[in-house]
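Working notes, structure below.
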Amino acid sequence: MTTDTATAEAGRDFIRDIVQADLSSHRHSRIVTRFPPEPNGYLHIGHAKSIALNFGIAQEFGGQCNLRFDDTNPTKEEQEYIDSIQADVHWLGYDWGKNLFFASDYFERLYDWAEGLIKAGYAYVDDQSQEEIRTSRGTLTEPGKNSPFRDRPVEENLDLFRRMKAGEFPNGARVLRAKIDMASGNINLRDPVLYRILHAHHPRTGDKWSIYPSYDYAHGQSDAIEGITHSICTLEFEDHRPLYEWLLDKLPVPSKPHQYEMARLNLTYTLLSKRVLTQLVRDGHVSGWDDPRMPTIAGLKRRGVPPAAVREFIRRIGVAKANSVVDVGMLEFCIREELNRTALRRMAVLRPLKVVIENYPEGQVEELEAINHPDNPEAGTRKIAFGRELYIEQDDFMENPPKKFFRLSPGNEVRLRYAYFVKCTSVVKNDAGEIVELRCTYDPATKGGNAPDGRKVKATMHWLSAAQSKPAEIRIYNQLFANPSPDAANFAGDLNPQSLEVLTDARVEPAIAESNSPDAMQFERQGYFVRDPESTPDKLVFNRTIGLRDTFAKEVGGKG
């Protein structure tokens, strides 16, 4: 993405105002931000907000944004997640250049600084169990209690910490804690854990380390090492800021970054908890992290959502200091708006009903011209085949229609898009009484869709040639949750049983089958669809990105 594009997409917000003020006052001569994911899962749309903000600010103000993996917990981190995160950031349109870092790059320095804290009397080794530490930490209304090991001599603490590093003790036997204030009104300052013993293989450092820094300890110091000027977090880290600043004050860090907090993204019909998303995958509620129903960036990509639509959504919701819930309809609006502008038009019949044009010559095929985009003449045209046997949508025919049903019915005339007027003359049913075929006639004088005598029809329908169209599987995706405010504690109870419908007998025009484009296209009158990565020339598979209009909210009783 160019700087001009980033500037055009940017909105004004309190973070950008702070950055501008810091530059104007010469507090900083150059802005350095970072996007710091933990590689323990796939990114979701909430992360997209942080990505767009941090990379966007760096681009707009001529600065730098680092991609830094806070890889301090090897039991949950995998190379797969590292690779997917890099791919997702690139897909969104951002690039870190040479500025790719890992907290594990700094493990030696972090360890040395931890020894410095011990020597200065600001840290000690605690032999209490995790449960004992939790209990003694106190509550919001009661102060904590000092550990019986809090006043260990410096030399004993150093010896134990070095033996922890050497792998001498089992997991959970000891931790290194900062010595701050067990009576602090901020629980995060009640002697937080800085290091824990963890005998686990690390994706990058292998088996070199037996102890790993806590997120709170590694994060701020990594910011300082990288010269970050504006460390932007979500609101849940606001209470952690005093610890962030305490550590920066006590350590010989090369710079003093400042932490700023913003509201995280919350969406209706959506859960963005990494725990819930992981459970959805593990329990088989979805096909994987990139299931198109997932709010992951990988899921959005597989569903055919354009990155420009995500960036526009992020721009529209802005950056605020207070938490709120954004209606998922705003995201859907941005997707439709972008795809309406960019997606080529094609025809597909999702639930086919056969039509035989009895007065059309047998064996004859003619080519009709169809436009690729009604608002973009430069997109050109394509040829579509018309013949005696066609397919239309089952929903476009009713044998006994109500008054305001203007599509095909016995004796009623409709327009076939780009083709002719046709009229239904009879209905063919199977032994079960189900309609399997329509018999129709066409008016040769109406080629192109207009009658020379000026008569009008009230419906225009899409269709496909039975002989030339190709079979395809169509996956219709809806919201994963039926509840606008799904319960993270009992998310399975809020799952939408209609979140996926698979249509195995759909038909698509040859232009769809022949295209290998990864871009979404509009199936006329149906919605926007994209080729799935599982699709092959022998078995075409398409995912619905989004319908032309929002029908889901009405089906489940309106949005909350």
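For the structure tokens, the naming scheme is as follows: chains receive sequential letters (A, B, ...) according to their order of presentation, residues are indexed from 1 within each chain, and ligands are indexed from 1 in presentation order.
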* May I have all residues of range 36-271 of chain A that DSSP, computed from the backbone, assigns to strand (DSSP E), given as a ChimeraX atom specification? => /A:64-69,100-102,123-126,175-178,193-197,211-213,230-234,258-262
With C-alpha atoms retained, write the just-selected residues as a compact mmCIF listing (two decimals), in the first residue's frame.
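New file out13.txt:
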# COMPACT_ATOMS: atom_id res chain seq x y z
CA GLN A 64 8.32 2.77 10.84
CA CYS A 65 6.13 -0.10 12.02
CA ASN A 66 7.74 -3.30 13.27
CA LEU A 67 6.15 -6.72 13.13
CA ARG A 68 7.23 -8.32 16.40
CA PHE A 69 6.20 -11.72 17.62
CA LEU A 100 10.66 -8.28 11.55
CA PHE A 101 11.54 -9.08 15.16
CA PHE A 102 10.84 -11.63 17.89
CA ALA A 123 13.25 -9.16 42.30
CA TYR A 124 13.30 -12.44 44.19
CA VAL A 125 12.81 -16.15 43.59
CA ASP A 126 9.57 -17.48 45.08
CA VAL A 175 9.26 -18.30 39.74
CA LEU A 176 11.04 -14.98 39.66
CA ARG A 177 8.86 -12.13 40.95
CA ALA A 178 9.33 -8.38 40.94
CA VAL A 193 5.83 -12.94 38.02
CA LEU A 194 8.70 -12.09 35.67
CA TYR A 195 9.98 -15.61 34.84
CA ARG A 196 8.59 -19.12 35.16
CA ILE A 197 10.19 -22.51 34.62
CA ILE A 211 12.82 -20.39 31.79
CA TYR A 212 10.70 -17.90 29.85
CA PRO A 213 9.83 -14.28 30.57
CA HIS A 230 3.94 4.83 20.75
CA SER A 231 3.07 1.43 22.19
CA ILE A 232 -0.63 1.04 21.37
CA CYS A 233 -2.61 -1.57 23.33
CA THR A 234 -6.24 -2.35 24.01
CA HIS A 258 4.88 5.26 26.24
CA GLN A 259 1.83 2.99 26.28
CA TYR A 260 -1.52 4.20 24.96
CA GLU A 261 -4.78 2.28 25.21
CA MET A 262 -7.72 2.12 22.81
* Considering only C-alpha atoms, return as an MDAnalysis selection string whatever protein or nucleic-acid residues lie within 6 Å of range 389-397 of chain A, sequence-local ones (same chain, fewer than 6 positions apart) excluded. => chainID A and resid 349 351:356 407:409 463:466
* Distance of CA of Phe149 in chain A from CA of Asp127 in chain A, expressed in Å to one decimal place -> 7.0 Å
Could you give me, as a tab-separated table (two decimals) with N, CA, C and O atoms, in the first residue's frame, the residues within 12 Å of range 54-61 of chain A, counting only C-alpha atoms and dropping anything in the same chain fewer than 5 positions from it?
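Output below, filename around18.tsv:
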chain	number	residue	atom	x	y	z
A	1	MET	N	0.85	-1.19	0.00
A	1	MET	CA	0.00	0.00	0.00
A	1	MET	C	0.88	1.24	0.00
A	1	MET	O	1.86	1.32	0.74
A	2	THR	N	0.55	2.21	-0.82
A	2	THR	CA	1.33	3.43	-0.87
A	2	THR	C	0.98	4.35	0.28
A	2	THR	O	-0.07	4.22	0.91
A	3	THR	N	1.87	5.30	0.54
A	3	THR	CA	1.59	6.28	1.59
A	3	THR	C	0.36	7.09	1.26
A	3	THR	O	-0.45	7.42	2.12
A	4	ASP	N	0.20	7.42	-0.04
A	4	ASP	CA	-0.99	8.19	-0.45
A	4	ASP	C	-2.27	7.42	-0.14
A	4	ASP	O	-3.25	7.98	0.33
A	5	THR	N	-2.25	6.11	-0.42
A	5	THR	CA	-3.42	5.29	-0.14
A	5	THR	C	-3.70	5.25	1.35
A	5	THR	O	-4.84	5.38	1.80
A	6	ALA	N	-2.64	5.07	2.14
A	6	ALA	CA	-2.82	5.03	3.59
A	6	ALA	C	-3.39	6.32	4.12
A	6	ALA	O	-4.29	6.32	4.97
A	7	THR	N	-2.91	7.43	3.60
A	7	THR	CA	-3.42	8.73	4.05
A	7	THR	C	-4.88	8.89	3.70
A	7	THR	O	-5.69	9.37	4.49
A	8	ALA	N	-5.25	8.46	2.48
A	8	ALA	CA	-6.64	8.59	2.05
A	8	ALA	C	-7.56	7.74	2.90
A	8	ALA	O	-8.72	8.10	3.14
A	9	GLU	N	-7.05	6.59	3.39
A	9	GLU	CA	-7.89	5.69	4.17
A	9	GLU	C	-7.92	6.08	5.64
A	9	GLU	O	-8.71	5.58	6.41
A	10	ALA	N	-7.04	6.95	6.05
A	10	ALA	CA	-6.94	7.28	7.47
A	10	ALA	C	-8.08	8.18	7.92
A	10	ALA	O	-8.59	8.99	7.17
A	11	GLY	N	-8.46	8.02	9.17
A	11	GLY	CA	-9.39	8.95	9.79
A	11	GLY	C	-8.64	9.68	10.90
A	11	GLY	O	-7.49	9.39	11.19
A	12	ARG	N	-9.28	10.66	11.50
A	12	ARG	CA	-8.65	11.33	12.63
A	12	ARG	C	-9.14	10.68	13.91
A	12	ARG	O	-10.30	10.33	14.04
A	13	ASP	N	-8.25	10.52	14.88
A	13	ASP	CA	-8.60	9.93	16.16
A	13	ASP	C	-7.62	10.42	17.21
A	13	ASP	O	-6.64	11.09	16.89
A	14	PHE	N	-7.88	10.07	18.47
A	14	PHE	CA	-7.06	10.62	19.55
A	14	PHE	C	-5.62	10.12	19.50
A	14	PHE	O	-4.70	10.84	19.89
A	15	ILE	N	-5.39	8.90	18.97
A	15	ILE	CA	-4.02	8.40	18.86
A	15	ILE	C	-3.25	9.22	17.82
A	15	ILE	O	-2.12	9.66	18.07
A	16	ARG	N	-3.86	9.44	16.68
A	16	ARG	CA	-3.19	10.23	15.64
A	16	ARG	C	-2.97	11.67	16.11
A	16	ARG	O	-1.96	12.29	15.75
A	17	ASP	N	-3.91	12.19	16.88
A	17	ASP	CA	-3.72	13.55	17.42
A	17	ASP	C	-2.51	13.59	18.36
A	17	ASP	O	-1.74	14.56	18.34
A	18	ILE	N	-2.33	12.54	19.16
A	18	ILE	CA	-1.17	12.47	20.06
A	18	ILE	C	0.12	12.40	19.25
A	18	ILE	O	1.11	13.10	19.54
A	19	VAL	N	0.11	11.56	18.23
A	19	VAL	CA	1.31	11.42	17.39
A	19	VAL	C	1.66	12.75	16.74
A	19	VAL	O	2.83	13.17	16.74
A	20	GLN	N	0.65	13.43	16.18
A	20	GLN	CA	0.90	14.71	15.54
A	20	GLN	C	1.45	15.73	16.54
A	20	GLN	O	2.40	16.48	16.24
A	21	ALA	N	0.89	15.75	17.75
A	21	ALA	CA	1.36	16.68	18.78
A	21	ALA	C	2.80	16.37	19.18
A	21	ALA	O	3.61	17.29	19.40
A	22	ASP	N	3.14	15.09	19.28
A	22	ASP	CA	4.50	14.71	19.66
A	22	ASP	C	5.51	15.11	18.60
A	22	ASP	O	6.65	15.48	18.92
A	23	LEU	N	5.13	15.03	17.34
A	23	LEU	CA	6.02	15.47	16.27
A	23	LEU	C	6.15	16.99	16.25
A	23	LEU	O	7.25	17.53	16.10
A	24	SER	N	5.01	17.66	16.43
A	24	SER	CA	5.01	19.13	16.38
A	24	SER	C	5.83	19.72	17.53
A	24	SER	O	6.48	20.76	17.37
A	28	HIS	N	9.30	13.68	19.65
A	28	HIS	CA	9.88	12.63	18.82
A	28	HIS	C	10.17	13.21	17.44
A	28	HIS	O	9.37	13.99	16.91
A	29	SER	N	11.30	12.81	16.89
A	29	SER	CA	11.62	13.27	15.53
A	29	SER	C	11.14	12.26	14.49
A	29	SER	O	10.96	12.59	13.33
A	30	ARG	N	10.92	11.02	14.93
A	30	ARG	CA	10.46	9.97	14.02
A	30	ARG	C	9.59	9.00	14.81
A	30	ARG	O	9.91	8.63	15.94
A	31	ILE	N	8.50	8.59	14.21
A	31	ILE	CA	7.54	7.71	14.87
A	31	ILE	C	7.89	6.25	14.58
A	31	ILE	O	8.14	5.88	13.43
A	32	VAL	N	7.89	5.44	15.64
A	32	VAL	CA	8.10	3.99	15.49
A	32	VAL	C	6.98	3.28	16.25
A	32	VAL	O	6.84	3.46	17.47
A	33	THR	N	6.18	2.50	15.54
A	33	THR	CA	5.11	1.71	16.16
A	33	THR	C	5.43	0.24	15.97
A	33	THR	O	6.42	-0.12	15.34
A	34	ARG	N	4.57	-0.61	16.51
A	34	ARG	CA	4.76	-2.04	16.32
A	34	ARG	C	3.43	-2.75	16.38
A	34	ARG	O	2.51	-2.33	17.09
A	35	PHE	N	3.33	-3.85	15.64
A	35	PHE	CA	2.21	-4.78	15.80
A	35	PHE	C	2.78	-6.03	16.43
A	35	PHE	O	3.62	-6.70	15.82
A	36	PRO	N	2.37	-6.36	17.68
A	36	PRO	CA	3.07	-7.40	18.45
A	36	PRO	C	2.23	-8.65	18.75
A	36	PRO	O	1.89	-8.91	19.91
A	47	HIS	N	-7.65	-7.99	15.37
A	47	HIS	CA	-6.24	-7.70	15.12
A	47	HIS	C	-6.09	-6.78	13.91
A	47	HIS	O	-5.15	-5.97	13.85
A	48	ALA	N	-7.01	-6.90	12.95
A	48	ALA	CA	-6.92	-6.05	11.76
A	48	ALA	C	-7.01	-4.57	12.15
A	48	ALA	O	-6.37	-3.71	11.53
A	49	LYS	N	-7.78	-4.28	13.19
A	49	LYS	CA	-7.88	-2.90	13.67
A	49	LYS	C	-6.52	-2.41	14.16
A	49	LYS	O	-6.09	-1.30	13.84
A	66	ASN	N	7.12	-1.98	13.16
A	66	ASN	CA	7.74	-3.30	13.27
A	66	ASN	C	6.66	-4.38	13.40
A	66	ASN	O	5.63	-4.15	14.04
A	67	LEU	N	6.93	-5.52	12.81
A	67	LEU	CA	6.15	-6.72	13.13
A	67	LEU	C	6.98	-7.51	14.12
A	67	LEU	O	8.08	-7.96	13.81
A	68	ARG	N	6.48	-7.61	15.36
A	68	ARG	CA	7.23	-8.32	16.40
A	68	ARG	C	6.37	-9.42	17.01
A	68	ARG	O	5.27	-9.16	17.50
A	89	VAL	N	-0.96	-10.14	7.46
A	89	VAL	CA	-0.58	-8.72	7.43
A	89	VAL	C	-0.34	-8.28	5.99
A	89	VAL	O	-0.78	-7.20	5.57
A	90	HIS	N	0.33	-9.12	5.22
A	90	HIS	CA	0.56	-8.79	3.81
A	90	HIS	C	-0.76	-8.71	3.04
A	90	HIS	O	-0.96	-7.82	2.21
A	92	LEU	N	-3.64	-7.87	4.08
A	92	LEU	CA	-4.35	-6.63	4.41
A	92	LEU	C	-3.74	-5.41	3.70
A	92	LEU	O	-4.35	-4.34	3.67
A	93	GLY	N	-2.54	-5.57	3.14
A	93	GLY	CA	-1.95	-4.49	2.37
A	93	GLY	C	-0.81	-3.77	3.05
A	93	GLY	O	-0.44	-2.67	2.65
A	94	TYR	N	-0.22	-4.39	4.08
A	94	TYR	CA	0.84	-3.72	4.84
A	94	TYR	C	2.13	-4.53	4.77
A	94	TYR	O	2.11	-5.75	4.55
A	95	ASP	N	3.25	-3.84	4.96
A	95	ASP	CA	4.54	-4.49	4.87
A	95	ASP	C	5.50	-3.91	5.91
A	95	ASP	O	5.54	-2.70	6.12
A	96	TRP	N	6.23	-4.77	6.57
A	96	TRP	CA	7.16	-4.35	7.62
A	96	TRP	C	8.58	-4.19	7.09
A	96	TRP	O	9.48	-3.78	7.84
A	97	GLY	N	8.80	-4.51	5.81
A	97	GLY	CA	10.14	-4.37	5.25
A	97	GLY	C	11.14	-5.25	5.97
A	97	GLY	O	10.95	-6.46	6.12
A	99	ASN	N	11.86	-4.89	9.09
A	99	ASN	CA	11.61	-4.72	10.53
A	99	ASN	C	10.77	-5.87	11.11
A	99	ASN	O	9.69	-5.67	11.65
A	228	ILE	N	10.48	1.90	20.20
A	228	ILE	CA	9.08	2.20	19.93
A	228	ILE	C	8.72	3.53	20.61
A	228	ILE	O	9.03	3.74	21.79
A	229	THR	N	8.05	4.41	19.88
A	229	THR	CA	7.64	5.69	20.47
A	229	THR	C	6.23	5.62	21.03
A	229	THR	O	5.93	6.21	22.07
A	230	HIS	N	5.35	4.90	20.34
A	230	HIS	CA	3.94	4.83	20.75
A	230	HIS	C	3.54	3.36	20.78
A	230	HIS	O	3.36	2.73	19.73
A	231	SER	N	3.43	2.83	21.99
A	231	SER	CA	3.07	1.43	22.19
A	231	SER	C	1.56	1.35	22.40
A	231	SER	O	1.06	1.67	23.48
A	232	ILE	N	0.84	0.96	21.36
A	232	ILE	CA	-0.63	1.04	21.37
A	232	ILE	C	-1.21	-0.33	21.75
A	232	ILE	O	-0.94	-1.34	21.10
A	233	CYS	N	-2.00	-0.34	22.82
A	233	CYS	CA	-2.61	-1.57	23.33
A	233	CYS	C	-4.13	-1.38	23.43
A	233	CYS	O	-4.64	-0.28	23.24
A	260	TYR	N	-0.21	3.57	25.14
A	260	TYR	CA	-1.52	4.20	24.96
A	260	TYR	C	-2.55	3.10	24.76
A	260	TYR	O	-2.28	2.09	24.11
A	262	MET	N	-6.53	1.83	23.62
A	262	MET	CA	-7.72	2.12	22.81
A	262	MET	C	-8.72	0.99	23.03
A	262	MET	O	-8.38	-0.10	23.51
A	311	ARG	N	-10.23	-2.73	5.38
A	311	ARG	CA	-9.59	-1.46	5.72
A	311	ARG	C	-10.62	-0.34	5.81
A	311	ARG	O	-10.56	0.52	6.71
A	314	ILE	N	-12.49	-0.68	9.10
A	314	ILE	CA	-11.67	-0.19	10.20
A	314	ILE	C	-11.66	1.34	10.22
A	314	ILE	O	-11.73	1.97	11.28
A	315	ARG	N	-11.58	1.94	9.05
A	315	ARG	CA	-11.58	3.40	8.97
A	315	ARG	C	-12.90	3.96	9.49
A	315	ARG	O	-12.92	4.94	10.24
A	319	VAL	N	-11.15	4.96	16.05
A	319	VAL	CA	-10.39	4.56	17.24
A	319	VAL	C	-10.93	5.36	18.42
A	319	VAL	O	-10.91	6.59	18.40
* To do: Determine the nearest neighbour of Glu366 in chain A from the options A:Met294, A:Gln522, A:Lys447, A:Thr536, counting only C-alpha atoms.
  =>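 Under the stated criterion, the closest residue is A:Lys447.
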* Residues near Leu300 in chain A, cut-off 10 Å, only C-alpha atoms, skip fewer than 6 positions along chain, as a list in words ->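 Once the adjacent positions are removed, what remains is His44, Ile45, Asp290, Asp291, Pro292, Arg293, Met294, Pro306, Pro307, Val310 and Thr545 of chain A.
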* as a ChimeraX atom specification, please: all residues of range 226-436 of chain A that backbone DSSP puts in helix (DSSP H, G or I). => /A:235-250,274-282,297-303,307-317,328-342,377-379,394-396
* To one decimal in Å, tell me the separation between CA of His219 in chain A and CA of Arg316 in chain A. => 29.5 Å
* Near Pro242 in chain A, counting only C-alpha atoms, which residues have an atom at most 10 Å away, once you skip same-chain residues fewer than 6 positions from it, shown as a list in words? ->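 Listed by chain and then number, they are Asn186, Asn188, Leu189, Leu248 and Gln259 of chain A.
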With N, CA and C atoms retained, could you export that selection as a CSV table (one decimal), in the first residue's frame?
chain,number,residue,atom,x,y,z
A,186,ASN,N,-3.4,-1.6,42.7
A,186,ASN,CA,-3.3,-2.2,41.4
A,186,ASN,C,-2.7,-3.6,41.6
A,188,ASN,N,-1.8,-5.7,39.6
A,188,ASN,CA,-0.6,-6.0,38.7
A,188,ASN,C,0.7,-5.6,39.3
A,189,LEU,N,0.7,-4.7,40.3
A,189,LEU,CA,1.9,-4.3,41.0
A,189,LEU,C,2.2,-5.1,42.3
A,248,LEU,N,10.4,-0.1,33.1
A,248,LEU,CA,11.2,0.8,32.3
A,248,LEU,C,12.1,1.7,33.1
A,259,GLN,N,3.0,3.8,26.7
A,259,GLN,CA,1.8,3.0,26.3
A,259,GLN,C,0.6,3.8,26.2
Can you pull out the residues contacting Ile180 in chain A? Cut-off 8 Å, using only C-alpha atoms, and skip same-chain residues under 5 positions away; I want them as a CSV table (one decimal) with C-alpha atoms, in the first residue's frame.
chain,number,residue,atom,x,y,z
A,122,TYR,CA,13.9,-5.4,43.0
A,189,LEU,CA,1.9,-4.3,41.0
A,190,ARG,CA,1.6,-7.0,43.7
A,191,ASP,CA,4.9,-8.6,43.0
